[in-house]
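Okay, run_23.txt now, which holds compact mmCIF, N, CA and C atoms:
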```txt
# COMPACT_ATOMS: atom_id res chain seq x y z
N MET A 1 -129.49 -0.82 15.94
CA MET A 1 -129.88 -1.94 16.77
C MET A 1 -130.04 -3.20 15.92
N LEU A 2 -130.78 -3.10 14.80
CA LEU A 2 -130.98 -4.25 13.92
C LEU A 2 -129.65 -4.70 13.32
N ALA A 3 -128.83 -3.77 12.91
CA ALA A 3 -127.53 -4.12 12.34
C ALA A 3 -126.68 -4.86 13.35
N ARG A 4 -126.69 -4.43 14.60
CA ARG A 4 -125.90 -5.09 15.65
C ARG A 4 -126.40 -6.52 15.87
N GLU A 5 -127.73 -6.69 15.87
CA GLU A 5 -128.31 -8.02 16.07
C GLU A 5 -127.97 -8.94 14.90
N LEU A 6 -128.05 -8.42 13.68
CA LEU A 6 -127.69 -9.23 12.51
C LEU A 6 -126.21 -9.62 12.56
N ALA A 7 -125.36 -8.69 12.95
CA ALA A 7 -123.93 -8.99 13.06
C ALA A 7 -123.69 -10.07 14.12
N ARG A 8 -124.41 -9.98 15.23
CA ARG A 8 -124.26 -10.98 16.30
C ARG A 8 -124.68 -12.36 15.80
N ARG A 9 -125.81 -12.40 15.10
CA ARG A 9 -126.29 -13.69 14.58
C ARG A 9 -125.35 -14.24 13.52
N ALA A 10 -124.83 -13.37 12.67
CA ALA A 10 -123.88 -13.82 11.65
C ALA A 10 -122.62 -14.38 12.31
N GLY A 11 -122.17 -13.74 13.38
CA GLY A 11 -121.00 -14.25 14.10
C GLY A 11 -121.28 -15.60 14.72
N ALA A 12 -122.48 -15.77 15.27
CA ALA A 12 -122.85 -17.05 15.86
C ALA A 12 -122.92 -18.14 14.79
N LEU A 13 -123.45 -17.80 13.63
CA LEU A 13 -123.52 -18.76 12.54
C LEU A 13 -122.13 -19.15 12.08
N GLY A 14 -121.24 -18.16 11.96
CA GLY A 14 -119.86 -18.45 11.56
C GLY A 14 -119.18 -19.37 12.56
N ALA A 15 -119.41 -19.14 13.84
CA ALA A 15 -118.82 -19.99 14.88
C ALA A 15 -119.36 -21.41 14.78
N LEU A 16 -120.66 -21.54 14.49
CA LEU A 16 -121.26 -22.86 14.35
C LEU A 16 -120.66 -23.60 13.17
N VAL A 17 -120.52 -22.91 12.04
CA VAL A 17 -119.93 -23.54 10.85
C VAL A 17 -118.50 -23.98 11.15
N ALA A 18 -117.73 -23.11 11.81
CA ALA A 18 -116.35 -23.47 12.16
C ALA A 18 -116.33 -24.69 13.08
N ARG A 19 -117.27 -24.74 14.02
CA ARG A 19 -117.33 -25.87 14.95
C ARG A 19 -117.69 -27.15 14.19
N VAL A 20 -118.62 -27.06 13.24
CA VAL A 20 -118.99 -28.22 12.44
C VAL A 20 -117.79 -28.69 11.63
N ASP A 21 -117.05 -27.75 11.01
CA ASP A 21 -115.86 -28.12 10.25
C ASP A 21 -114.84 -28.79 11.15
N ASP A 22 -114.61 -28.23 12.35
CA ASP A 22 -113.66 -28.82 13.29
C ASP A 22 -114.09 -30.21 13.69
N ASP A 23 -115.39 -30.37 13.97
CA ASP A 23 -115.90 -31.68 14.36
C ASP A 23 -115.72 -32.68 13.22
N ALA A 24 -115.97 -32.23 11.99
CA ALA A 24 -115.82 -33.14 10.85
C ALA A 24 -114.37 -33.58 10.71
N ILE A 25 -113.44 -32.66 10.93
CA ILE A 25 -112.02 -33.01 10.85
C ILE A 25 -111.66 -33.97 11.98
N ARG A 26 -112.14 -33.69 13.19
CA ARG A 26 -111.86 -34.58 14.33
C ARG A 26 -112.47 -35.95 14.12
N ILE A 27 -113.68 -35.97 13.56
CA ILE A 27 -114.35 -37.24 13.36
C ILE A 27 -113.60 -38.09 12.34
N GLY A 28 -113.09 -37.43 11.29
CA GLY A 28 -112.33 -38.13 10.27
C GLY A 28 -113.08 -39.32 9.72
N ALA A 29 -112.49 -40.48 9.81
CA ALA A 29 -113.11 -41.69 9.27
C ALA A 29 -114.41 -42.00 9.99
N GLY A 30 -114.56 -41.52 11.22
CA GLY A 30 -115.80 -41.74 11.95
C GLY A 30 -116.98 -41.08 11.29
N ALA A 31 -116.75 -40.12 10.41
CA ALA A 31 -117.83 -39.46 9.69
C ALA A 31 -118.57 -40.45 8.79
N LEU A 32 -117.92 -41.57 8.51
CA LEU A 32 -118.56 -42.58 7.67
C LEU A 32 -119.82 -43.14 8.32
N ALA A 33 -119.93 -42.99 9.65
CA ALA A 33 -121.11 -43.48 10.35
C ALA A 33 -122.34 -42.62 10.04
N LEU A 34 -122.13 -41.42 9.56
CA LEU A 34 -123.24 -40.55 9.19
C LEU A 34 -123.87 -41.05 7.90
N ALA A 35 -125.12 -40.68 7.69
CA ALA A 35 -125.76 -40.97 6.43
C ALA A 35 -125.00 -40.24 5.33
N PRO A 36 -124.93 -40.81 4.12
CA PRO A 36 -124.16 -40.18 3.05
C PRO A 36 -124.52 -38.72 2.80
N GLN A 37 -125.80 -38.41 2.87
CA GLN A 37 -126.25 -37.03 2.62
C GLN A 37 -125.70 -36.10 3.71
N GLN A 38 -125.73 -36.53 4.97
CA GLN A 38 -125.20 -35.71 6.07
C GLN A 38 -123.70 -35.57 5.93
N ARG A 39 -123.03 -36.66 5.59
CA ARG A 39 -121.57 -36.62 5.42
C ARG A 39 -121.20 -35.65 4.29
N ALA A 40 -121.97 -35.67 3.21
CA ALA A 40 -121.70 -34.78 2.09
C ALA A 40 -121.79 -33.32 2.51
N LEU A 41 -122.82 -33.00 3.29
CA LEU A 41 -122.98 -31.61 3.75
C LEU A 41 -121.78 -31.17 4.57
N LEU A 42 -121.27 -32.07 5.42
CA LEU A 42 -120.10 -31.73 6.24
C LEU A 42 -118.86 -31.54 5.38
N LEU A 43 -118.76 -32.30 4.30
CA LEU A 43 -117.55 -32.28 3.48
C LEU A 43 -117.52 -31.16 2.45
N GLU A 44 -118.67 -30.59 2.12
CA GLU A 44 -118.73 -29.62 1.03
C GLU A 44 -117.70 -28.50 1.17
N ALA A 45 -117.54 -27.97 2.36
CA ALA A 45 -116.64 -26.82 2.55
C ALA A 45 -115.17 -27.20 2.43
N SER A 46 -114.84 -28.45 2.75
CA SER A 46 -113.43 -28.80 2.81
C SER A 46 -112.97 -29.77 1.74
N ASP A 47 -113.86 -30.57 1.17
CA ASP A 47 -113.45 -31.61 0.22
C ASP A 47 -114.59 -31.88 -0.75
N SER A 48 -114.64 -31.11 -1.83
CA SER A 48 -115.77 -31.22 -2.75
C SER A 48 -115.81 -32.58 -3.45
N ALA A 49 -114.66 -33.19 -3.71
CA ALA A 49 -114.66 -34.51 -4.34
C ALA A 49 -115.28 -35.56 -3.42
N ALA A 50 -114.95 -35.50 -2.15
CA ALA A 50 -115.55 -36.44 -1.19
C ALA A 50 -117.03 -36.15 -1.01
N ALA A 51 -117.41 -34.88 -1.03
CA ALA A 51 -118.83 -34.52 -0.93
C ALA A 51 -119.59 -35.07 -2.13
N GLU A 52 -119.01 -34.91 -3.31
CA GLU A 52 -119.65 -35.44 -4.52
C GLU A 52 -119.83 -36.96 -4.39
N ALA A 53 -118.81 -37.65 -3.94
CA ALA A 53 -118.91 -39.10 -3.78
C ALA A 53 -119.99 -39.47 -2.78
N ALA A 54 -120.09 -38.71 -1.69
CA ALA A 54 -121.11 -38.99 -0.68
C ALA A 54 -122.51 -38.74 -1.23
N TYR A 55 -122.69 -37.67 -2.01
CA TYR A 55 -124.00 -37.43 -2.62
C TYR A 55 -124.35 -38.55 -3.59
N ARG A 56 -123.37 -39.00 -4.35
CA ARG A 56 -123.63 -40.10 -5.29
C ARG A 56 -123.98 -41.38 -4.54
N GLN A 57 -123.34 -41.60 -3.40
CA GLN A 57 -123.67 -42.76 -2.58
C GLN A 57 -125.10 -42.65 -2.05
N ALA A 58 -125.47 -41.43 -1.63
CA ALA A 58 -126.85 -41.22 -1.15
C ALA A 58 -127.85 -41.53 -2.24
N LEU A 59 -127.54 -41.13 -3.48
CA LEU A 59 -128.45 -41.39 -4.60
C LEU A 59 -128.47 -42.87 -4.96
N ALA A 60 -127.35 -43.56 -4.78
CA ALA A 60 -127.32 -45.00 -5.04
C ALA A 60 -128.21 -45.73 -4.03
N GLN A 61 -128.27 -45.21 -2.82
CA GLN A 61 -129.10 -45.82 -1.78
C GLN A 61 -130.56 -45.43 -1.92
N ASP A 62 -130.82 -44.23 -2.43
CA ASP A 62 -132.20 -43.74 -2.58
C ASP A 62 -132.26 -42.88 -3.84
N ALA A 63 -132.73 -43.51 -4.92
CA ALA A 63 -132.77 -42.81 -6.22
C ALA A 63 -133.72 -41.63 -6.23
N CYS A 64 -134.49 -41.46 -5.18
CA CYS A 64 -135.43 -40.35 -5.12
C CYS A 64 -135.09 -39.38 -3.99
N CYS A 65 -133.83 -39.18 -3.71
CA CYS A 65 -133.41 -38.26 -2.66
C CYS A 65 -133.22 -36.87 -3.29
N ALA A 66 -134.31 -36.11 -3.34
CA ALA A 66 -134.30 -34.82 -4.03
C ALA A 66 -133.24 -33.87 -3.48
N VAL A 67 -133.02 -33.89 -2.18
CA VAL A 67 -132.02 -33.00 -1.57
C VAL A 67 -130.63 -33.33 -2.11
N ALA A 68 -130.32 -34.60 -2.26
CA ALA A 68 -129.01 -34.99 -2.79
C ALA A 68 -128.88 -34.54 -4.24
N TYR A 69 -129.95 -34.66 -5.03
CA TYR A 69 -129.90 -34.18 -6.41
C TYR A 69 -129.63 -32.68 -6.46
N VAL A 70 -130.36 -31.93 -5.65
CA VAL A 70 -130.21 -30.47 -5.65
C VAL A 70 -128.80 -30.08 -5.21
N ASN A 71 -128.33 -30.66 -4.11
CA ASN A 71 -127.01 -30.28 -3.60
C ASN A 71 -125.89 -30.74 -4.51
N LEU A 72 -125.98 -31.95 -5.06
CA LEU A 72 -124.95 -32.42 -5.99
C LEU A 72 -124.97 -31.59 -7.26
N GLY A 73 -126.16 -31.28 -7.75
CA GLY A 73 -126.25 -30.44 -8.95
C GLY A 73 -125.64 -29.07 -8.73
N ALA A 74 -125.86 -28.50 -7.55
CA ALA A 74 -125.25 -27.21 -7.22
C ALA A 74 -123.72 -27.34 -7.15
N LEU A 75 -123.25 -28.43 -6.57
CA LEU A 75 -121.81 -28.67 -6.48
C LEU A 75 -121.20 -28.79 -7.87
N LEU A 76 -121.87 -29.51 -8.74
CA LEU A 76 -121.39 -29.65 -10.13
C LEU A 76 -121.39 -28.29 -10.83
N SER A 77 -122.44 -27.52 -10.63
CA SER A 77 -122.52 -26.20 -11.26
C SER A 77 -121.43 -25.27 -10.75
N GLU A 78 -121.16 -25.33 -9.45
CA GLU A 78 -120.08 -24.49 -8.90
C GLU A 78 -118.74 -24.85 -9.51
N SER A 79 -118.60 -26.10 -9.94
CA SER A 79 -117.37 -26.56 -10.60
C SER A 79 -117.44 -26.36 -12.11
N ARG A 80 -118.48 -25.66 -12.55
CA ARG A 80 -118.70 -25.36 -13.96
C ARG A 80 -118.90 -26.62 -14.80
N ARG A 81 -119.46 -27.64 -14.19
CA ARG A 81 -119.77 -28.91 -14.87
C ARG A 81 -121.28 -28.93 -15.16
N PHE A 82 -121.68 -27.96 -15.98
CA PHE A 82 -123.10 -27.72 -16.20
C PHE A 82 -123.80 -28.85 -16.95
N ALA A 83 -123.14 -29.45 -17.92
CA ALA A 83 -123.77 -30.54 -18.66
C ALA A 83 -124.07 -31.71 -17.73
N GLU A 84 -123.15 -32.00 -16.82
CA GLU A 84 -123.38 -33.06 -15.84
C GLU A 84 -124.54 -32.69 -14.91
N ALA A 85 -124.61 -31.43 -14.55
CA ALA A 85 -125.69 -30.97 -13.68
C ALA A 85 -127.05 -31.13 -14.37
N VAL A 86 -127.12 -30.77 -15.66
CA VAL A 86 -128.37 -30.94 -16.40
C VAL A 86 -128.78 -32.41 -16.42
N ALA A 87 -127.83 -33.29 -16.71
CA ALA A 87 -128.14 -34.72 -16.74
C ALA A 87 -128.62 -35.21 -15.37
N LEU A 88 -128.01 -34.70 -14.33
CA LEU A 88 -128.40 -35.08 -12.97
C LEU A 88 -129.81 -34.60 -12.66
N TYR A 89 -130.12 -33.35 -13.01
CA TYR A 89 -131.47 -32.84 -12.77
C TYR A 89 -132.50 -33.60 -13.60
N ASP A 90 -132.13 -34.00 -14.82
CA ASP A 90 -133.04 -34.82 -15.63
C ASP A 90 -133.32 -36.15 -14.92
N GLN A 91 -132.29 -36.72 -14.32
CA GLN A 91 -132.45 -37.96 -13.56
C GLN A 91 -133.38 -37.73 -12.37
N ALA A 92 -133.21 -36.60 -11.70
CA ALA A 92 -134.07 -36.28 -10.56
C ALA A 92 -135.53 -36.22 -10.99
N LEU A 93 -135.78 -35.62 -12.14
CA LEU A 93 -137.16 -35.51 -12.62
C LEU A 93 -137.72 -36.87 -13.03
N GLU A 94 -136.84 -37.78 -13.41
CA GLU A 94 -137.29 -39.12 -13.77
C GLU A 94 -137.67 -39.94 -12.53
N PHE A 95 -136.90 -39.79 -11.45
CA PHE A 95 -137.08 -40.65 -10.27
C PHE A 95 -137.89 -40.01 -9.14
N CYS A 96 -137.95 -38.70 -9.08
CA CYS A 96 -138.57 -38.02 -7.93
C CYS A 96 -139.79 -37.21 -8.37
N ASP A 97 -140.58 -36.84 -7.39
CA ASP A 97 -141.64 -35.88 -7.66
C ASP A 97 -141.00 -34.55 -8.05
N ALA A 98 -141.59 -33.88 -8.99
CA ALA A 98 -141.05 -32.61 -9.45
C ALA A 98 -141.11 -31.57 -8.34
N THR A 99 -140.03 -30.84 -8.18
CA THR A 99 -140.00 -29.71 -7.25
C THR A 99 -139.58 -28.46 -8.01
N ALA A 100 -140.04 -27.34 -7.51
CA ALA A 100 -139.69 -26.07 -8.16
C ALA A 100 -138.18 -25.88 -8.17
N LEU A 101 -137.50 -26.26 -7.09
CA LEU A 101 -136.05 -26.05 -7.01
C LEU A 101 -135.29 -26.88 -8.03
N VAL A 102 -135.70 -28.11 -8.25
CA VAL A 102 -135.03 -28.94 -9.28
C VAL A 102 -135.22 -28.30 -10.64
N HIS A 103 -136.45 -27.86 -10.95
CA HIS A 103 -136.69 -27.22 -12.25
C HIS A 103 -135.90 -25.92 -12.39
N PHE A 104 -135.87 -25.13 -11.33
CA PHE A 104 -135.14 -23.86 -11.38
C PHE A 104 -133.64 -24.10 -11.58
N ASN A 105 -133.07 -25.00 -10.79
CA ASN A 105 -131.63 -25.27 -10.92
C ASN A 105 -131.31 -25.86 -12.29
N ARG A 106 -132.20 -26.71 -12.78
CA ARG A 106 -132.01 -27.27 -14.12
C ARG A 106 -132.02 -26.15 -15.16
N ALA A 107 -132.92 -25.19 -14.99
CA ALA A 107 -133.00 -24.07 -15.94
C ALA A 107 -131.70 -23.26 -15.95
N THR A 108 -131.15 -22.99 -14.78
CA THR A 108 -129.90 -22.21 -14.75
C THR A 108 -128.77 -22.98 -15.40
N ALA A 109 -128.73 -24.30 -15.20
CA ALA A 109 -127.70 -25.11 -15.84
C ALA A 109 -127.91 -25.16 -17.35
N LEU A 110 -129.17 -25.26 -17.78
CA LEU A 110 -129.47 -25.26 -19.21
C LEU A 110 -129.01 -23.96 -19.88
N GLU A 111 -129.17 -22.86 -19.20
CA GLU A 111 -128.68 -21.59 -19.75
C GLU A 111 -127.17 -21.66 -19.99
N GLU A 112 -126.46 -22.26 -19.05
CA GLU A 112 -125.00 -22.31 -19.13
C GLU A 112 -124.50 -23.22 -20.26
N VAL A 113 -125.33 -24.19 -20.68
CA VAL A 113 -124.94 -25.06 -21.79
C VAL A 113 -125.60 -24.61 -23.09
N ASN A 114 -126.03 -23.36 -23.10
CA ASN A 114 -126.57 -22.72 -24.30
C ASN A 114 -127.81 -23.44 -24.85
N ARG A 115 -128.72 -23.74 -23.95
CA ARG A 115 -130.01 -24.32 -24.33
C ARG A 115 -131.11 -23.42 -23.76
N PRO A 116 -131.18 -22.17 -24.27
CA PRO A 116 -132.08 -21.17 -23.66
C PRO A 116 -133.55 -21.51 -23.73
N TRP A 117 -134.01 -22.13 -24.82
CA TRP A 117 -135.44 -22.41 -24.92
C TRP A 117 -135.86 -23.47 -23.92
N GLN A 118 -135.02 -24.47 -23.72
CA GLN A 118 -135.34 -25.48 -22.70
C GLN A 118 -135.30 -24.84 -21.32
N ALA A 119 -134.38 -23.89 -21.13
CA ALA A 119 -134.30 -23.19 -19.84
C ALA A 119 -135.59 -22.41 -19.57
N VAL A 120 -136.12 -21.77 -20.59
CA VAL A 120 -137.36 -21.00 -20.43
C VAL A 120 -138.48 -21.92 -19.96
N PHE A 121 -138.60 -23.09 -20.58
CA PHE A 121 -139.66 -24.02 -20.18
C PHE A 121 -139.42 -24.54 -18.76
N ALA A 122 -138.16 -24.75 -18.39
CA ALA A 122 -137.87 -25.22 -17.03
C ALA A 122 -138.21 -24.13 -16.00
N TYR A 123 -137.90 -22.88 -16.33
CA TYR A 123 -138.28 -21.77 -15.43
C TYR A 123 -139.80 -21.70 -15.29
N LYS A 124 -140.51 -21.84 -16.41
CA LYS A 124 -141.98 -21.80 -16.37
C LYS A 124 -142.51 -22.92 -15.48
N ARG A 125 -141.94 -24.11 -15.62
CA ARG A 125 -142.40 -25.24 -14.81
C ARG A 125 -142.12 -24.98 -13.34
N ALA A 126 -140.97 -24.38 -13.03
CA ALA A 126 -140.65 -24.06 -11.64
C ALA A 126 -141.69 -23.10 -11.07
N LEU A 127 -142.11 -22.14 -11.85
CA LEU A 127 -143.11 -21.18 -11.38
C LEU A 127 -144.48 -21.81 -11.21
N GLU A 128 -144.77 -22.83 -11.99
CA GLU A 128 -146.07 -23.50 -11.88
C GLU A 128 -146.19 -24.31 -10.59
N LEU A 129 -145.07 -24.77 -10.07
CA LEU A 129 -145.12 -25.65 -8.89
C LEU A 129 -145.24 -24.89 -7.59
```
Can the structure in the file be given as structure tokens, please?
Amino acid sequence: MLARELARRAGALGALVARVDDDAIRIGAGALALAPQQRALLLEASDSAAAEAAYRQALAQDACCAVAYVNLGALLSESRRFAEAVALYDQALEFCDATALVHFNRATALEEVNRPWQAVFAYKRALEL
């Protein structure tokens, strides 16, 4: 029974994501009317370069948009651009209130650029928050 319900919900979520992707494609240039952060979320699945540009635009408009830092950092990490992700998370810590997620994501990126001791301190800070 639980498995059937989970499968049903997963199917509904998949349909919603497909509908969002279809809407984003239909909207095309009209997507520019969305806030940069919202536009970036729509673009992530289909155009990572455009999503990156939208996240950067969101940060240009609001240097303390923690969600944009987290999502852009994750996008950079998925592209194996870990040094850029570390620099971005450092910027987030400079401009925004510290969040556990920023520290945690920074720690994982630090590990990837072979800075394990800094990663340990970032993990500790994430746990403190």
Do you know which residues are at most 6 Å from range 100-110 of chain A counting all atoms listed in the file, after dropping those on the same chain fewer than 4 positions away, and could you put them as a list of chain:residue names?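 Answer for this query is A:Phe82, A:Val86, A:Tyr89, A:Asn114, A:Arg115, A:Pro116, A:Gln118, A:Ala119, A:Ala122, A:Tyr123, A:Arg125, A:Ala126, A:Leu127, A:Leu129.
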Separation of atom C of Ala50 in chain A from CA of Ala63 in chain A in Å: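 Interatomic distance, CA of Ala63 in chain A to atom C of Ala50 in chain A: 17.9 Å.
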Suppose you want the space between atom C of Leu93 in chain A and CA of Gly73 in chain A; what is it in Å?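 Computing the Euclidean distance for atom C of Leu93 in chain A and CA of Gly73 in chain A yields 13.8 Å.
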Hey, can you pull every residue with an atom no more than 8 Å from (-130.8, -36.3, 0.1), using all atoms listed in the file, and send it as a VMD selection string? chain A and resid 36 to 38 55 58 to 59 62 64 to 71
Keeping only N, CA and C atoms, write the selected residues to a file as an mmCIF file, in the coordinates of the input.
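Saved to result-v7.cif:
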```cif
data_model
loop_
_atom_site.group_PDB
_atom_site.id
_atom_site.type_symbol
_atom_site.label_atom_id
_atom_site.label_comp_id
_atom_site.auth_asym_id
_atom_site.auth_seq_id
_atom_site.Cartn_x
_atom_site.Cartn_y
_atom_site.Cartn_z
ATOM 1 N N PRO A 36 -124.930 -40.810 4.120
ATOM 2 C CA PRO A 36 -124.160 -40.180 3.050
ATOM 3 C C PRO A 36 -124.520 -38.720 2.800
ATOM 4 N N GLN A 37 -125.800 -38.410 2.870
ATOM 5 C CA GLN A 37 -126.250 -37.030 2.620
ATOM 6 C C GLN A 37 -125.700 -36.100 3.710
ATOM 7 N N GLN A 38 -125.730 -36.530 4.970
ATOM 8 C CA GLN A 38 -125.200 -35.710 6.070
ATOM 9 C C GLN A 38 -123.700 -35.570 5.930
ATOM 10 N N TYR A 55 -122.690 -37.670 -2.010
ATOM 11 C CA TYR A 55 -124.000 -37.430 -2.620
ATOM 12 C C TYR A 55 -124.350 -38.550 -3.590
ATOM 13 N N ALA A 58 -125.470 -41.430 -1.630
ATOM 14 C CA ALA A 58 -126.850 -41.220 -1.150
ATOM 15 C C ALA A 58 -127.850 -41.530 -2.240
ATOM 16 N N LEU A 59 -127.540 -41.130 -3.480
ATOM 17 C CA LEU A 59 -128.450 -41.390 -4.600
ATOM 18 C C LEU A 59 -128.470 -42.870 -4.960
ATOM 19 N N ASP A 62 -130.820 -44.230 -2.430
ATOM 20 C CA ASP A 62 -132.200 -43.740 -2.580
ATOM 21 C C ASP A 62 -132.260 -42.880 -3.840
ATOM 22 N N CYS A 64 -134.490 -41.460 -5.180
ATOM 23 C CA CYS A 64 -135.430 -40.350 -5.120
ATOM 24 C C CYS A 64 -135.090 -39.380 -3.990
ATOM 25 N N CYS A 65 -133.830 -39.180 -3.710
ATOM 26 C CA CYS A 65 -133.410 -38.260 -2.660
ATOM 27 C C CYS A 65 -133.220 -36.870 -3.290
ATOM 28 N N ALA A 66 -134.310 -36.110 -3.340
ATOM 29 C CA ALA A 66 -134.300 -34.820 -4.030
ATOM 30 C C ALA A 66 -133.240 -33.870 -3.480
ATOM 31 N N VAL A 67 -133.020 -33.890 -2.180
ATOM 32 C CA VAL A 67 -132.020 -33.000 -1.570
ATOM 33 C C VAL A 67 -130.630 -33.330 -2.110
ATOM 34 N N ALA A 68 -130.320 -34.600 -2.260
ATOM 35 C CA ALA A 68 -129.010 -34.990 -2.790
ATOM 36 C C ALA A 68 -128.880 -34.540 -4.240
ATOM 37 N N TYR A 69 -129.950 -34.660 -5.030
ATOM 38 C CA TYR A 69 -129.900 -34.180 -6.410
ATOM 39 C C TYR A 69 -129.630 -32.680 -6.460
ATOM 40 N N VAL A 70 -130.360 -31.930 -5.650
ATOM 41 C CA VAL A 70 -130.210 -30.470 -5.650
ATOM 42 C C VAL A 70 -128.800 -30.080 -5.210
ATOM 43 N N ASN A 71 -128.330 -30.660 -4.110
ATOM 44 C CA ASN A 71 -127.010 -30.280 -3.600
ATOM 45 C C ASN A 71 -125.890 -30.740 -4.510
#
```
Atomic distance CA of Arg80 in chain A - CA of Gln61 in chain A, expressed in Å with one decimal: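 Taking CA of Arg80 in chain A as the start and CA of Gln61 in chain A as the end point, the length is 26.0 Å.
Comparing the minimum interatomic distances between Ala74 in chain A and each of A:Cys96, A:Leu88, A:Val120, A:Ala53, counting only C-alpha atoms, we find that A:Leu88 sits nearest.
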